[in-house]
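S.K.: Got a structure for you, data-v2.cif, holding mmCIF, C-alpha atoms and all ligand atoms.
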data_data
loop_
_atom_site.group_PDB
_atom_site.id
_atom_site.type_symbol
_atom_site.label_atom_id
_atom_site.label_comp_id
_atom_site.auth_asym_id
_atom_site.auth_seq_id
_atom_site.Cartn_x
_atom_site.Cartn_y
_atom_site.Cartn_z
ATOM 1 C CA MET A 1 5.219 1.396 6.709
ATOM 2 C CA GLU A 2 4.783 -2.239 5.763
ATOM 3 C CA VAL A 3 3.811 -2.886 2.136
ATOM 4 C CA LEU A 4 1.520 -5.737 1.080
ATOM 5 C CA GLN A 5 1.940 -6.858 -2.525
ATOM 6 C CA VAL A 6 -1.115 -7.236 -4.755
ATOM 7 C CA THR A 7 -1.201 -10.778 -6.187
ATOM 8 C CA LYS A 8 -0.993 -11.285 -9.970
ATOM 9 C CA TYR A 9 -2.806 -14.071 -11.858
ATOM 10 C CA ASP A 10 -2.893 -15.544 -15.382
ATOM 11 C CA HIS A 11 -5.551 -17.450 -17.325
ATOM 12 C CA LEU A 12 -8.587 -16.659 -15.210
ATOM 13 C CA ASP A 13 -11.971 -17.981 -16.268
ATOM 14 C CA THR A 14 -15.322 -16.618 -15.088
ATOM 15 C CA ASP A 15 -15.481 -18.913 -12.074
ATOM 16 C CA SER A 16 -11.981 -18.187 -10.834
ATOM 17 C CA PHE A 17 -12.432 -14.456 -11.503
ATOM 18 C CA ASP A 18 -15.729 -14.351 -9.591
ATOM 19 C CA GLN A 19 -14.221 -16.306 -6.741
ATOM 20 C CA LEU A 20 -11.395 -13.769 -6.420
ATOM 21 C CA VAL A 21 -13.856 -10.867 -6.722
ATOM 22 C CA SER A 22 -15.919 -12.308 -3.882
ATOM 23 C CA LYS A 23 -12.863 -12.102 -1.595
ATOM 24 C CA ASP A 24 -13.072 -8.319 -1.895
ATOM 25 C CA VAL A 25 -9.305 -7.841 -2.189
ATOM 26 C CA PRO A 26 -7.579 -6.217 -5.212
ATOM 27 C CA PHE A 27 -5.705 -8.447 -7.656
ATOM 28 C CA VAL A 28 -4.012 -8.143 -11.038
ATOM 29 C CA ILE A 29 -4.741 -10.147 -14.173
ATOM 30 C CA ARG A 30 -1.641 -10.338 -16.340
ATOM 31 C CA ASP A 31 -3.173 -11.607 -19.557
ATOM 32 C CA ALA A 32 -6.748 -10.336 -19.888
ATOM 33 C CA ASP A 33 -7.515 -9.701 -23.574
ATOM 34 C CA PHE A 34 -9.086 -6.271 -23.990
ATOM 35 C CA GLY A 35 -8.588 -6.295 -27.771
ATOM 36 C CA GLY A 36 -6.299 -4.520 -30.257
ATOM 37 C CA CYS A 37 -5.784 -1.527 -27.945
ATOM 38 C CA LEU A 38 -3.138 -3.463 -26.028
ATOM 39 C CA ASN A 39 -0.909 -3.617 -29.113
ATOM 40 C CA ARG A 40 -2.039 -0.649 -31.152
ATOM 41 C CA TRP A 41 -2.408 2.252 -28.770
ATOM 42 C CA SER A 42 0.805 4.214 -28.917
ATOM 43 C CA ALA A 43 0.991 7.991 -28.514
ATOM 44 C CA ASP A 44 1.391 8.367 -32.314
ATOM 45 C CA TYR A 45 -1.559 6.119 -33.129
ATOM 46 C CA LEU A 46 -3.906 7.922 -30.740
ATOM 47 C CA MET A 47 -2.692 11.362 -31.874
ATOM 48 C CA ASP A 48 -3.532 10.410 -35.421
ATOM 49 C CA ARG A 49 -6.904 8.812 -34.672
ATOM 50 C CA LEU A 50 -8.167 11.320 -32.131
ATOM 51 C CA LYS A 51 -6.863 14.635 -33.394
ATOM 52 C CA ASP A 52 -10.292 16.239 -33.810
ATOM 53 C CA ILE A 53 -11.674 15.225 -30.458
ATOM 54 C CA SER A 54 -11.761 17.815 -27.746
ATOM 55 C CA VAL A 55 -11.498 16.836 -24.084
ATOM 56 C CA SER A 56 -11.378 18.480 -20.671
ATOM 57 C CA VAL A 57 -7.997 17.908 -19.015
ATOM 58 C CA HIS A 58 -6.608 18.488 -15.502
ATOM 59 C CA VAL A 59 -3.495 20.683 -15.833
ATOM 60 C CA SER A 60 -1.071 21.423 -12.998
ATOM 61 C CA ASN A 61 2.484 22.628 -12.551
ATOM 62 C CA GLU A 62 2.886 20.076 -9.768
ATOM 63 C CA PRO A 63 2.832 16.313 -10.301
ATOM 64 C CA LYS A 64 0.693 15.483 -7.260
ATOM 65 C CA LEU A 65 -2.823 16.732 -7.879
ATOM 66 C CA ASP A 66 -4.147 18.332 -4.703
ATOM 67 C CA PHE A 67 -7.919 18.763 -4.405
ATOM 68 C CA VAL A 68 -7.613 20.710 -1.123
ATOM 69 C CA ASN A 69 -5.313 23.430 -2.398
ATOM 70 C CA LYS A 70 -6.629 23.111 -5.968
ATOM 71 C CA ASN A 71 -3.231 23.124 -7.626
ATOM 72 C CA PHE A 72 -4.783 22.275 -11.010
ATOM 73 C CA SER A 73 -7.236 23.743 -13.476
ATOM 74 C CA TYR A 74 -9.370 22.259 -16.226
ATOM 75 C CA LYS A 75 -8.482 23.094 -19.799
ATOM 76 C CA THR A 76 -10.278 22.037 -22.940
ATOM 77 C CA MET A 77 -7.987 20.939 -25.739
ATOM 78 C CA ALA A 78 -7.745 18.520 -28.641
ATOM 79 C CA LEU A 79 -6.653 15.065 -27.603
ATOM 80 C CA ASN A 80 -3.629 15.056 -29.896
ATOM 81 C CA GLU A 81 -2.518 18.345 -28.330
ATOM 82 C CA MET A 82 -2.953 16.843 -24.853
ATOM 83 C CA ILE A 83 -0.813 13.813 -25.707
ATOM 84 C CA ASP A 84 1.831 16.037 -27.269
ATOM 85 C CA LYS A 85 1.921 18.151 -24.088
ATOM 86 C CA CYS A 86 2.154 15.041 -21.890
ATOM 87 C CA LEU A 87 5.251 14.011 -23.799
ATOM 88 C CA ASN A 88 6.925 17.370 -24.374
ATOM 89 C CA ASP A 89 5.838 19.962 -21.801
ATOM 90 C CA ARG A 90 8.265 19.543 -18.907
ATOM 91 C CA GLN A 91 6.753 22.393 -16.823
ATOM 92 C CA ASN A 92 3.240 21.039 -16.520
ATOM 93 C CA TYR A 93 1.427 17.796 -15.809
ATOM 94 C CA TYR A 94 -1.680 16.665 -17.661
ATOM 95 C CA TYR A 95 -4.369 14.182 -16.733
ATOM 96 C CA LEU A 96 -7.361 13.025 -18.744
ATOM 97 C CA ARG A 97 -10.283 11.273 -17.095
ATOM 98 C CA SER A 98 -12.914 11.128 -19.820
ATOM 99 C CA VAL A 99 -16.445 12.145 -18.864
ATOM 100 C CA GLY A 100 -19.886 11.742 -20.427
ATOM 101 C CA SER A 101 -20.886 13.995 -23.331
ATOM 102 C CA ASP A 102 -23.686 15.698 -21.418
ATOM 103 C CA ARG A 103 -23.231 15.471 -17.681
ATOM 104 C CA ARG A 104 -26.420 17.387 -16.932
ATOM 105 C CA ALA A 105 -28.280 14.596 -18.682
ATOM 106 C CA ARG A 106 -26.491 12.194 -16.302
ATOM 107 C CA ASP A 107 -24.411 10.940 -19.162
ATOM 108 C CA VAL A 108 -21.642 8.672 -17.911
ATOM 109 C CA ALA A 109 -18.283 8.158 -19.643
ATOM 110 C CA ASP A 110 -18.502 5.596 -22.423
ATOM 111 C CA ILE A 111 -15.159 5.257 -24.173
ATOM 112 C CA ARG A 112 -16.463 3.433 -27.239
ATOM 113 C CA THR A 113 -19.214 5.986 -27.964
ATOM 114 C CA GLN A 114 -17.114 9.040 -27.224
ATOM 115 C CA PHE A 115 -14.053 7.907 -29.146
ATOM 116 C CA PRO A 116 -15.606 6.014 -32.097
ATOM 117 C CA SER A 117 -12.419 6.020 -34.178
ATOM 118 C CA ILE A 118 -10.750 3.691 -31.646
ATOM 119 C CA SER A 119 -13.820 1.765 -30.457
ATOM 120 C CA GLU A 120 -12.962 -1.277 -32.543
ATOM 121 C CA ASP A 121 -9.736 -1.645 -30.579
ATOM 122 C CA ILE A 122 -11.667 -2.393 -27.377
ATOM 123 C CA THR A 123 -13.358 -5.592 -26.269
ATOM 124 C CA ILE A 124 -14.351 -6.597 -22.763
ATOM 125 C CA PRO A 125 -13.095 -10.145 -22.146
ATOM 126 C CA SER A 126 -15.982 -12.574 -21.800
ATOM 127 C CA PHE A 127 -14.611 -14.155 -18.618
ATOM 128 C CA LEU A 128 -15.476 -10.910 -16.805
ATOM 129 C CA ALA A 129 -19.162 -11.636 -17.588
ATOM 130 C CA ILE A 130 -20.157 -7.978 -17.492
ATOM 131 C CA ASN A 131 -23.554 -7.210 -19.002
ATOM 132 C CA GLU A 132 -22.720 -4.471 -21.528
ATOM 133 C CA THR A 133 -26.233 -3.579 -22.669
ATOM 134 C CA LYS A 134 -28.007 -0.620 -21.093
ATOM 135 C CA ASP A 135 -30.944 -2.874 -20.243
ATOM 136 C CA GLU A 136 -30.573 -3.414 -16.502
ATOM 137 C CA THR A 137 -33.394 -5.933 -16.424
ATOM 138 C CA GLN A 138 -31.508 -8.337 -18.664
ATOM 139 C CA ASP A 139 -30.247 -11.354 -16.802
ATOM 140 C CA SER A 140 -26.548 -11.597 -16.095
ATOM 141 C CA ASP A 141 -24.661 -12.967 -13.156
ATOM 142 C CA GLY A 142 -24.856 -9.692 -11.315
ATOM 143 C CA LYS A 143 -22.452 -7.293 -13.077
ATOM 144 C CA GLN A 144 -23.935 -4.396 -15.036
ATOM 145 C CA LEU A 145 -21.541 -2.117 -16.952
ATOM 146 C CA PHE A 146 -21.786 1.372 -15.450
ATOM 147 C CA SER A 147 -19.165 3.369 -17.353
ATOM 148 C CA SER A 148 -15.924 3.057 -19.278
ATOM 149 C CA VAL A 149 -13.310 5.736 -18.842
ATOM 150 C CA PHE A 150 -10.304 6.758 -20.935
ATOM 151 C CA ARG A 151 -7.309 7.744 -18.777
ATOM 152 C CA ILE A 152 -4.127 9.379 -20.024
ATOM 153 C CA SER A 153 -1.454 10.965 -17.856
ATOM 154 C CA SER A 154 1.918 12.645 -17.971
ATOM 155 C CA GLN A 155 4.867 10.844 -16.471
ATOM 156 C CA ASP A 156 4.976 11.300 -12.637
ATOM 157 C CA LEU A 157 1.344 12.405 -12.350
ATOM 158 C CA VAL A 158 -0.241 11.286 -9.072
ATOM 159 C CA LEU A 159 -4.001 11.010 -8.658
ATOM 160 C CA TRP A 160 -5.137 11.536 -5.065
ATOM 161 C CA THR A 161 -6.297 8.704 -2.826
ATOM 162 C CA HIS A 162 -10.052 8.191 -3.182
ATOM 163 C CA TYR A 163 -12.704 5.504 -3.232
ATOM 164 C CA ASP A 164 -15.351 4.671 -5.795
ATOM 165 C CA ILE A 165 -18.713 3.136 -5.035
ATOM 166 C CA VAL A 166 -18.659 0.551 -7.846
ATOM 167 C CA ASP A 167 -16.325 -2.343 -8.674
ATOM 168 C CA ASN A 168 -13.696 -1.565 -11.260
ATOM 169 C CA ILE A 169 -11.145 -3.067 -13.586
ATOM 170 C CA LEU A 170 -8.308 -0.687 -14.465
ATOM 171 C CA VAL A 171 -6.520 -1.649 -17.689
ATOM 172 C CA GLN A 172 -2.982 -0.402 -18.204
ATOM 173 C CA ILE A 173 -2.179 -0.064 -21.902
ATOM 174 C CA ARG A 174 1.071 1.950 -22.145
ATOM 175 C CA GLY A 175 3.610 2.754 -19.452
ATOM 176 C CA THR A 176 3.871 1.448 -15.909
ATOM 177 C CA LYS A 177 1.688 2.787 -13.132
ATOM 178 C CA ARG A 178 2.227 2.358 -9.420
ATOM 179 C CA VAL A 179 -1.036 1.773 -7.626
ATOM 180 C CA VAL A 180 -1.328 1.965 -3.835
ATOM 181 C CA LEU A 181 -4.508 0.704 -2.187
ATOM 182 C CA PHE A 182 -5.918 0.809 1.338
ATOM 183 C CA PRO A 183 -8.797 -1.369 2.591
ATOM 184 C CA PRO A 184 -12.199 0.227 3.293
ATOM 185 C CA ASN A 185 -11.911 -0.603 6.998
ATOM 186 C CA ASP A 186 -8.841 1.629 7.296
ATOM 187 C CA SER A 187 -10.783 4.783 6.383
ATOM 188 C CA LEU A 188 -10.259 6.303 9.856
ATOM 189 C CA PHE A 189 -6.518 6.481 9.163
ATOM 190 C CA LEU A 190 -6.832 8.378 5.892
ATOM 191 C CA TYR A 191 -8.033 11.846 6.965
ATOM 192 C CA LEU A 192 -10.986 11.802 4.608
ATOM 193 C CA GLU A 193 -12.780 14.734 3.155
ATOM 194 C CA SER A 194 -15.793 13.247 1.431
ATOM 195 C CA ASP A 195 -14.456 10.500 -0.869
ATOM 196 C CA LYS A 196 -10.839 11.756 -0.917
ATOM 197 C CA SER A 197 -7.889 11.561 1.471
ATOM 198 C CA ARG A 198 -6.183 14.768 2.633
ATOM 199 C CA VAL A 199 -2.850 12.930 2.659
ATOM 200 C CA ILE A 200 -1.572 14.189 -0.694
ATOM 201 C CA ASP A 201 1.982 12.851 -0.437
ATOM 202 C CA ILE A 202 1.605 9.213 0.565
ATOM 203 C CA ASP A 203 5.359 8.671 0.176
ATOM 204 C CA GLU A 204 6.510 11.114 2.812
ATOM 205 C CA PRO A 205 9.047 9.557 5.188
ATOM 206 C CA ASP A 206 7.487 8.082 8.327
ATOM 207 C CA ASP A 207 8.910 10.684 10.722
ATOM 208 C CA GLN A 208 7.390 13.552 8.726
ATOM 209 C CA MET A 209 4.135 11.678 8.296
ATOM 210 C CA LYS A 210 4.050 11.149 12.055
ATOM 211 C CA GLU A 211 3.992 14.909 12.537
ATOM 212 C CA LYS A 212 1.350 15.695 9.943
ATOM 213 C CA PHE A 213 -0.893 12.633 9.709
ATOM 214 C CA PRO A 214 0.089 10.244 12.529
ATOM 215 C CA LEU A 215 -2.828 7.838 12.021
ATOM 216 C CA PHE A 216 -1.906 7.335 8.366
ATOM 217 C CA LEU A 217 0.956 5.062 9.420
ATOM 218 C CA ASN A 218 -1.612 2.566 10.746
ATOM 219 C CA ALA A 219 -3.223 2.050 7.334
ATOM 220 C CA ARG A 220 -2.488 -1.244 5.613
ATOM 221 C CA ARG A 221 -0.772 -0.303 2.375
ATOM 222 C CA TYR A 222 -1.211 -2.610 -0.638
ATOM 223 C CA GLU A 223 0.919 -1.888 -3.666
ATOM 224 C CA CYS A 224 1.405 -3.029 -7.224
ATOM 225 C CA LEU A 225 3.349 -2.003 -10.269
ATOM 226 C CA LEU A 226 0.757 -2.246 -13.002
ATOM 227 C CA GLU A 227 2.653 -2.968 -16.206
ATOM 228 C CA ALA A 228 1.387 -2.345 -19.743
ATOM 229 C CA GLY A 229 -1.013 -5.153 -20.650
ATOM 230 C CA GLU A 230 -2.039 -5.835 -17.045
ATOM 231 C CA SER A 231 -5.421 -5.129 -15.441
ATOM 232 C CA LEU A 232 -6.163 -4.427 -11.801
ATOM 233 C CA PHE A 233 -9.408 -5.303 -10.050
ATOM 234 C CA ILE A 234 -10.240 -2.482 -7.608
ATOM 235 C CA PRO A 235 -13.150 -3.508 -5.371
ATOM 236 C CA SER A 236 -15.722 -0.848 -4.509
ATOM 237 C CA LEU A 237 -14.771 1.240 -1.443
ATOM 238 C CA TRP A 238 -11.071 0.309 -1.607
ATOM 239 C CA PHE A 239 -9.017 3.504 -1.511
ATOM 240 C CA HIS A 240 -6.582 3.897 -4.385
ATOM 241 C CA ASN A 241 -3.813 6.275 -5.379
ATOM 242 C CA THR A 242 -2.068 6.032 -8.736
ATOM 243 C CA LYS A 243 1.283 7.335 -9.953
ATOM 244 C CA ALA A 244 2.229 7.161 -13.622
ATOM 245 C CA LEU A 245 5.891 6.119 -13.608
ATOM 246 C CA GLU A 246 5.957 6.785 -17.348
ATOM 247 C CA PHE A 247 3.622 8.482 -19.840
ATOM 248 C CA SER A 248 0.520 6.414 -19.306
ATOM 249 C CA ILE A 249 -2.458 5.285 -21.386
ATOM 250 C CA GLY A 250 -5.219 3.267 -19.769
ATOM 251 C CA MET A 251 -8.931 2.790 -19.430
ATOM 252 C CA ASN A 252 -11.221 1.371 -16.822
ATOM 253 C CA PHE A 253 -14.603 -0.284 -16.609
ATOM 254 C CA PHE A 254 -16.890 0.280 -13.639
ATOM 255 C CA TRP A 255 -19.756 -2.097 -13.050
ATOM 256 C CA LYS A 256 -22.738 -1.993 -10.739
ATOM 257 C CA ASP A 257 -23.874 -4.804 -8.552
ATOM 258 C CA LYS A 258 -27.248 -6.030 -9.793
ATOM 259 C CA GLN A 259 -28.643 -6.565 -6.311
ATOM 260 C CA LEU A 260 -27.757 -3.069 -5.133
ATOM 261 C CA SER A 261 -29.361 -1.704 -8.328
ATOM 262 C CA GLN A 262 -32.531 -3.654 -7.771
ATOM 263 C CA GLN A 263 -32.750 -2.341 -4.225
ATOM 264 C CA ASN A 264 -32.356 1.226 -5.580
ATOM 265 C CA LEU A 265 -29.314 1.833 -3.394
ATOM 266 C CA TYR A 266 -27.250 3.634 -6.047
ATOM 267 C CA ASN A 267 -27.622 7.368 -6.381
ATOM 268 C CA LYS A 268 -29.333 7.976 -9.722
ATOM 269 C CA SER A 269 -27.481 11.215 -10.424
ATOM 270 C CA ASP A 270 -24.019 9.664 -10.011
ATOM 271 C CA VAL A 271 -22.003 10.063 -13.202
ATOM 272 C CA TYR A 272 -18.552 9.267 -11.776
ATOM 273 C CA GLY A 273 -19.282 6.159 -9.730
ATOM 274 C CA ASN A 274 -18.300 7.923 -6.512
ATOM 275 C CA LYS A 275 -21.559 9.164 -4.971
ATOM 276 C CA ASP A 276 -22.333 7.381 -1.712
ATOM 277 C CA LEU A 277 -25.221 4.919 -1.597
ATOM 278 C CA ASN A 278 -28.635 6.502 -0.979
ATOM 279 C CA PRO A 279 -29.024 5.218 2.618
ATOM 280 C CA ALA A 280 -25.539 6.572 3.473
ATOM 281 C CA ILE A 281 -26.519 10.008 2.141
ATOM 282 C CA ASP A 282 -29.718 9.863 4.241
ATOM 283 C CA ALA A 283 -27.653 8.879 7.281
ATOM 284 C CA PHE A 284 -25.283 11.841 6.754
ATOM 285 C CA THR A 285 -28.243 14.215 6.482
ATOM 286 C CA ASN A 286 -29.697 12.883 9.702
ATOM 287 C CA LEU A 287 -26.346 13.074 11.438
ATOM 288 C CA ASP A 288 -26.118 16.753 10.467
ATOM 289 C CA LYS A 289 -29.528 17.207 12.085
ATOM 290 C CA ALA A 290 -28.378 15.315 15.188
ATOM 291 C CA MET A 291 -25.346 17.586 15.456
ATOM 292 C CA LYS A 292 -27.627 20.643 15.418
ATOM 293 C CA HIS A 293 -29.415 19.201 18.453
ATOM 294 C CA ILE A 294 -26.129 18.470 20.198
ATOM 295 C CA ASP A 295 -25.039 22.069 19.591
ATOM 296 C CA LYS A 296 -28.039 23.374 21.567
ATOM 297 C CA MET A 297 -26.388 22.182 24.796
ATOM 298 C CA PRO A 298 -23.593 23.755 26.838
ATOM 299 C CA GLN A 299 -20.049 22.443 26.312
ATOM 300 C CA LYS A 300 -20.001 19.984 29.221
ATOM 301 C CA PHE A 301 -23.232 18.277 28.059
ATOM 302 C CA ARG A 302 -22.209 18.415 24.397
ATOM 303 C CA GLN A 303 -18.971 16.551 25.078
ATOM 304 C CA PHE A 304 -20.797 14.032 27.204
ATOM 305 C CA TYR A 305 -23.485 13.252 24.620
ATOM 306 C CA LEU A 306 -21.044 13.161 21.717
ATOM 307 C CA ARG A 307 -19.249 10.344 23.529
ATOM 308 C CA ILE A 308 -22.573 8.565 24.058
ATOM 309 C CA LEU A 309 -23.195 8.837 20.318
ATOM 310 C CA ILE A 310 -19.711 7.506 19.497
ATOM 311 C CA ASN A 311 -20.371 4.573 21.807
ATOM 312 C CA LYS A 312 -23.642 3.794 20.008
ATOM 313 C CA LEU A 313 -21.866 3.847 16.637
ATOM 314 C CA GLN A 314 -18.870 1.894 17.938
ATOM 315 C CA LYS A 315 -21.124 -0.929 19.102
ATOM 316 C CA LYS A 316 -22.481 -1.266 15.545
ATOM 317 C CA LEU A 317 -18.993 -2.008 14.192
ATOM 318 C CA THR A 318 -18.261 -5.701 14.071
HETATM 319 O O1 LIG B 401 -4.837 6.145 -12.639
HETATM 320 C C1 LIG B 401 -5.899 6.703 -12.791
HETATM 321 O O2 LIG B 401 -6.140 7.349 -13.793
HETATM 322 C C2 LIG B 401 -6.935 6.602 -11.712
HETATM 323 C C3 LIG B 401 -7.733 5.353 -11.830
HETATM 324 C C4 LIG B 401 -8.951 5.358 -10.960
HETATM 325 O O3 LIG B 401 -9.123 6.143 -10.066
HETATM 326 C C5 LIG B 401 -9.976 4.354 -11.221
HETATM 327 O O4 LIG B 401 -9.818 3.553 -12.154
HETATM 328 O O5 LIG B 401 -10.983 4.349 -10.490
HETATM 329 FE FE FE B 402 -10.938 5.643 -8.888
#
Would you kindly transcribe this structure into structure tokens?
Ligand SMILES: O=C(O)CCC(=O)C(=O)O
Ligand SMILES: [Fe+2]
M.R.:
Amino acid sequence: MEVLQVTKYDHLDTDSFDQLVSKDVPFVIRDADFGGCLNRWSADYLMDRLKDISVSVHVSNEPKLDFVNKNFSYKTMALNEMIDKCLNDRQNYYYLRSVGSDRRARDVADIRTQFPSISEDITIPSFLAINETKDETQDSDGKQLFSSVFRISSQDLVLWTHYDIVDNILVQIRGTKRVVLFPPNDSLFLYLESDKSRVIDIDEPDDQMKEKFPLFLNARRYECLLEAGESLFIPSLWFHNTKALEFSIGMNFFWKDKQLSQQNLYNKSDVYGNKDLNPAIDAFTNLDKAMKHIDKMPQKFRQFYLRILINKLQKKLT
């Protein structure tokens, strides 16, 4: 499989950042200043600062988390215990993706509120021009902070290939992470189940992949080694898969597009940034209804009309 490298940049200002964002292709910023976290956050520092904070953690005895076969469970533990296990437990793999304090109240992850003892270590660089206030009516150039997520993982942990619905900047603070990305238009090659790909081992040799997931080999594979201190822009709908090559500390910031917000296209109950846009959900519901009608017909007619439907959809694709 051919690999396309993600381009890395230095010294971006708002204009050059926005211009790259508008190309809708991932890129890395080498020198974005997210504050003291970049220097201060070591395992020891966080263990000391966050020892009383309890978090829900994915735990698995396999490094590649598999949502189909559910090879992981969620355990609640103190953050210092989690970090200690990441570093010292060689039988199990741990992954933290911080969540809001009260998810039923549609509380999204907010790293600075949920981890106040380290909040001063975090600043969002001004060149990103993300509106950080909760007031969505306030004028900004179109980016509204949606959530900020703390991410810690054991060495070798792989997070499955998925897409998010909002734009994202993933900040690597400690350890190197390999990130593989696939463009939204390659979704038909990824064997999707909802927002996730069923291809759990994206590094399987081509001949084995050909047997199990032949179409996967057609996907355009972008890759980058995200080093400590670097940040990766992940455009909405781009599929991504991450592998911590070392014990890894990071965080990410999701932001909403102002226009899509104003048109009420985002699902209001989305706390993760991965619920499909409202019209897409309506379309899926209607498609389910359409399929019920199709199923009323005998096989020969069903097959015929399914192809007619595919043709209608195909013509919509540009
Ligand atoms: O490496 C990780 O923790 C996954 C990052 C991710 O999925 C994201 O930032 O959207
Ligand atoms: Fe993601």
S.K.: Wanna dump the chain A-ligand LIG 401 (chain B) contacts at 8 Å for me, each residue with its shortest atom pair and the distance in Å to one decimal, counting all atoms listed in the file, ordered by chain and number, as a tab-separated table?
M.R.:
residue	atom	partner	partner_atom	distance
A:Tyr95	CA	B:LIG401	O2	7.6
A:Leu96	CA	B:LIG401	O2	7.6
A:Arg97	CA	B:LIG401	O2	6.6
A:Val149	CA	B:LIG401	O4	7.9
A:Arg151	CA	B:LIG401	O2	5.1
A:Ile152	CA	B:LIG401	O2	6.9
A:Ser153	CA	B:LIG401	O2	7.2
A:Val158	CA	B:LIG401	O1	7.8
A:Leu159	CA	B:LIG401	C2	6.1
A:His162	CA	B:LIG401	O3	7.2
A:Tyr163	CA	B:LIG401	O5	7.5
A:Asp164	CA	B:LIG401	O5	6.4
A:Asn168	CA	B:LIG401	O4	6.5
A:Ile169	CA	B:LIG401	O4	6.9
A:Leu170	CA	B:LIG401	O4	5.1
A:Lys177	CA	B:LIG401	O1	7.4
A:Val179	CA	B:LIG401	O1	7.7
A:Ile234	CA	B:LIG401	O5	7.5
A:His240	CA	B:LIG401	O3	6.6
A:Asn241	CA	B:LIG401	C2	7.1
A:Thr242	CA	B:LIG401	O1	4.8
A:Lys243	CA	B:LIG401	O1	6.8
A:Ala244	CA	B:LIG401	O1	7.2
A:Gly250	CA	B:LIG401	O2	7.3
A:Met251	CA	B:LIG401	O4	7.4
A:Asn252	CA	B:LIG401	O4	5.3
A:Phe253	CA	B:LIG401	O4	7.6
A:Phe254	CA	B:LIG401	O5	7.8
S.K.: Give as a list in words each residue that has an atom at most 9 Å from (-8.3, 9.2, -25.6) in the file, counting all atoms listed in the file.
M.R.: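 Result, sorted by chain then residue number: Leu46, Met47, Leu50, Ile53, Val55, Leu79, Asn80, Ile83, Leu96, Arg97, Ser98, Ile111, Gln114, Phe115, Ile118, Phe150, Arg151, Ile152, Ile249, Gly250 and Met251 of chain A.
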S.K.: Name the closest residue to ligand FE 402 (chain B) among the candidates A:Asp121, A:Asp13, A:Asp195, A:Asp186; distances are taken between atoms, counting all atoms listed in the file.
M.R.: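 So, comparing all the options, the nearest one is A:Asp195.
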S.K.: Between A:Asp282, A:Glu62, A:Asp167, A:Asp288, which is the closest to ligand FE 402 (chain B) once you count all atoms listed in the file?
M.R.: A:Asp167
S.K.: For Leu237 (chain A), which residue among A:Val171, A:Tyr94, A:Arg112, A:Val25 is the nearest when counting all atoms listed in the file?
M.R.: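 Comparing A:Val171, A:Tyr94, A:Arg112, A:Val25 against Leu237 (chain A), the winner is A:Val25.
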S.K.: Can you tell me how far CA of Val108 (chain A) sits from CA of Ser147 (chain A), in Å to one decimal?
M.R.: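 Atom-to-atom, CA of Val108 (chain A) and CA of Ser147 (chain A) are spaced 5.9 Å apart.
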S.K.: For ligand FE 402 (chain B), which residue out of A:Lys196, A:Ile308, A:Glu230, A:Asn278 is the nearest one, using all atoms listed in the file?
M.R.: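 Once distances to ligand FE 402 (chain B) are computed over all atoms listed in the file, the minimum belongs to A:Lys196.
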S.K.: Using only C-alpha atoms, give me every residue within 6 Å of (4.8, 14.2, -9.3) in file coordinates, as a list in words.
M.R.: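 The distance filter leaves exactly Pro63, Lys64, Asp156, Leu157 and Val158 of chain A.
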S.K.: As an exercise, work out the distance from CA of Met77 (chain A) to CA of Lys275 (chain A) in Å and give it to one decimal place.
M.R.: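 Rounded to one decimal, the two atoms are 27.5 Å apart.
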S.K.: In Å, how far is it from CA of Leu277 (chain A) to CA of Lys143 (chain A)?
M.R.: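 Between CA of Leu277 (chain A) and CA of Lys143 (chain A) the gap is 17.0 Å.
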S.K.: From the options A:Ser236, A:Thr76, A:Thr133, A:Gln208, which residue's atoms come nearest to ligand FE 402 (chain B), counting all atoms listed in the file?
M.R.: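 The closest residue to ligand FE 402 (chain B) is A:Ser236.
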S.K.: Nearest to Arg178 (chain A) among A:Leu245, A:Leu265, A:Leu145, A:Leu128, with distances taken over only C-alpha atoms: which residue is it?
M.R.: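 Of the candidates, the smallest distance to Arg178 (chain A) is held by A:Leu245.
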S.K.: Which residues are close to Leu309 (chain A), i.e. within 12 Å by all atoms listed in the file, leaving aside same-chain residues fewer than 6 positions away? Reply as a PyMOL selection string.
M.R.: chain A and resi 287+290-291+294+302-303+315-316
S.K.: Render region 190-194 of chain A from the structure in the preceding block as a file of N, CA, C and O atoms, as an mmCIF file, in the first residue's frame.
M.R.:
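selection.cif was written with the following content:
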data_model
loop_
_atom_site.group_PDB
_atom_site.id
_atom_site.type_symbol
_atom_site.label_atom_id
_atom_site.label_comp_id
_atom_site.auth_asym_id
_atom_site.auth_seq_id
_atom_site.Cartn_x
_atom_site.Cartn_y
_atom_site.Cartn_z
ATOM 1 N N LEU A 190 -13.385 1.095 3.632
ATOM 2 C CA LEU A 190 -12.979 0.926 5.033
ATOM 3 C C LEU A 190 -13.890 0.005 5.847
ATOM 4 O O LEU A 190 -13.694 -0.147 7.041
ATOM 5 N N TYR A 191 -14.861 -0.619 5.225
ATOM 6 C CA TYR A 191 -15.730 -1.580 5.913
ATOM 7 C C TYR A 191 -16.301 -0.968 7.197
ATOM 8 O O TYR A 191 -16.053 -1.421 8.310
ATOM 9 N N LEU A 192 -17.060 0.101 6.990
ATOM 10 C CA LEU A 192 -17.559 0.863 8.140
ATOM 11 C C LEU A 192 -18.695 0.179 8.868
ATOM 12 O O LEU A 192 -19.522 -0.507 8.266
ATOM 13 N N GLU A 193 -18.692 0.387 10.154
ATOM 14 C CA GLU A 193 -19.848 0.078 10.980
ATOM 15 C C GLU A 193 -20.079 1.355 11.770
ATOM 16 O O GLU A 193 -19.281 1.701 12.642
ATOM 17 N N SER A 194 -21.117 2.077 11.391
ATOM 18 C CA SER A 194 -21.341 3.409 11.948
ATOM 19 C C SER A 194 -20.100 4.278 11.680
ATOM 20 O O SER A 194 -19.637 4.335 10.551
#
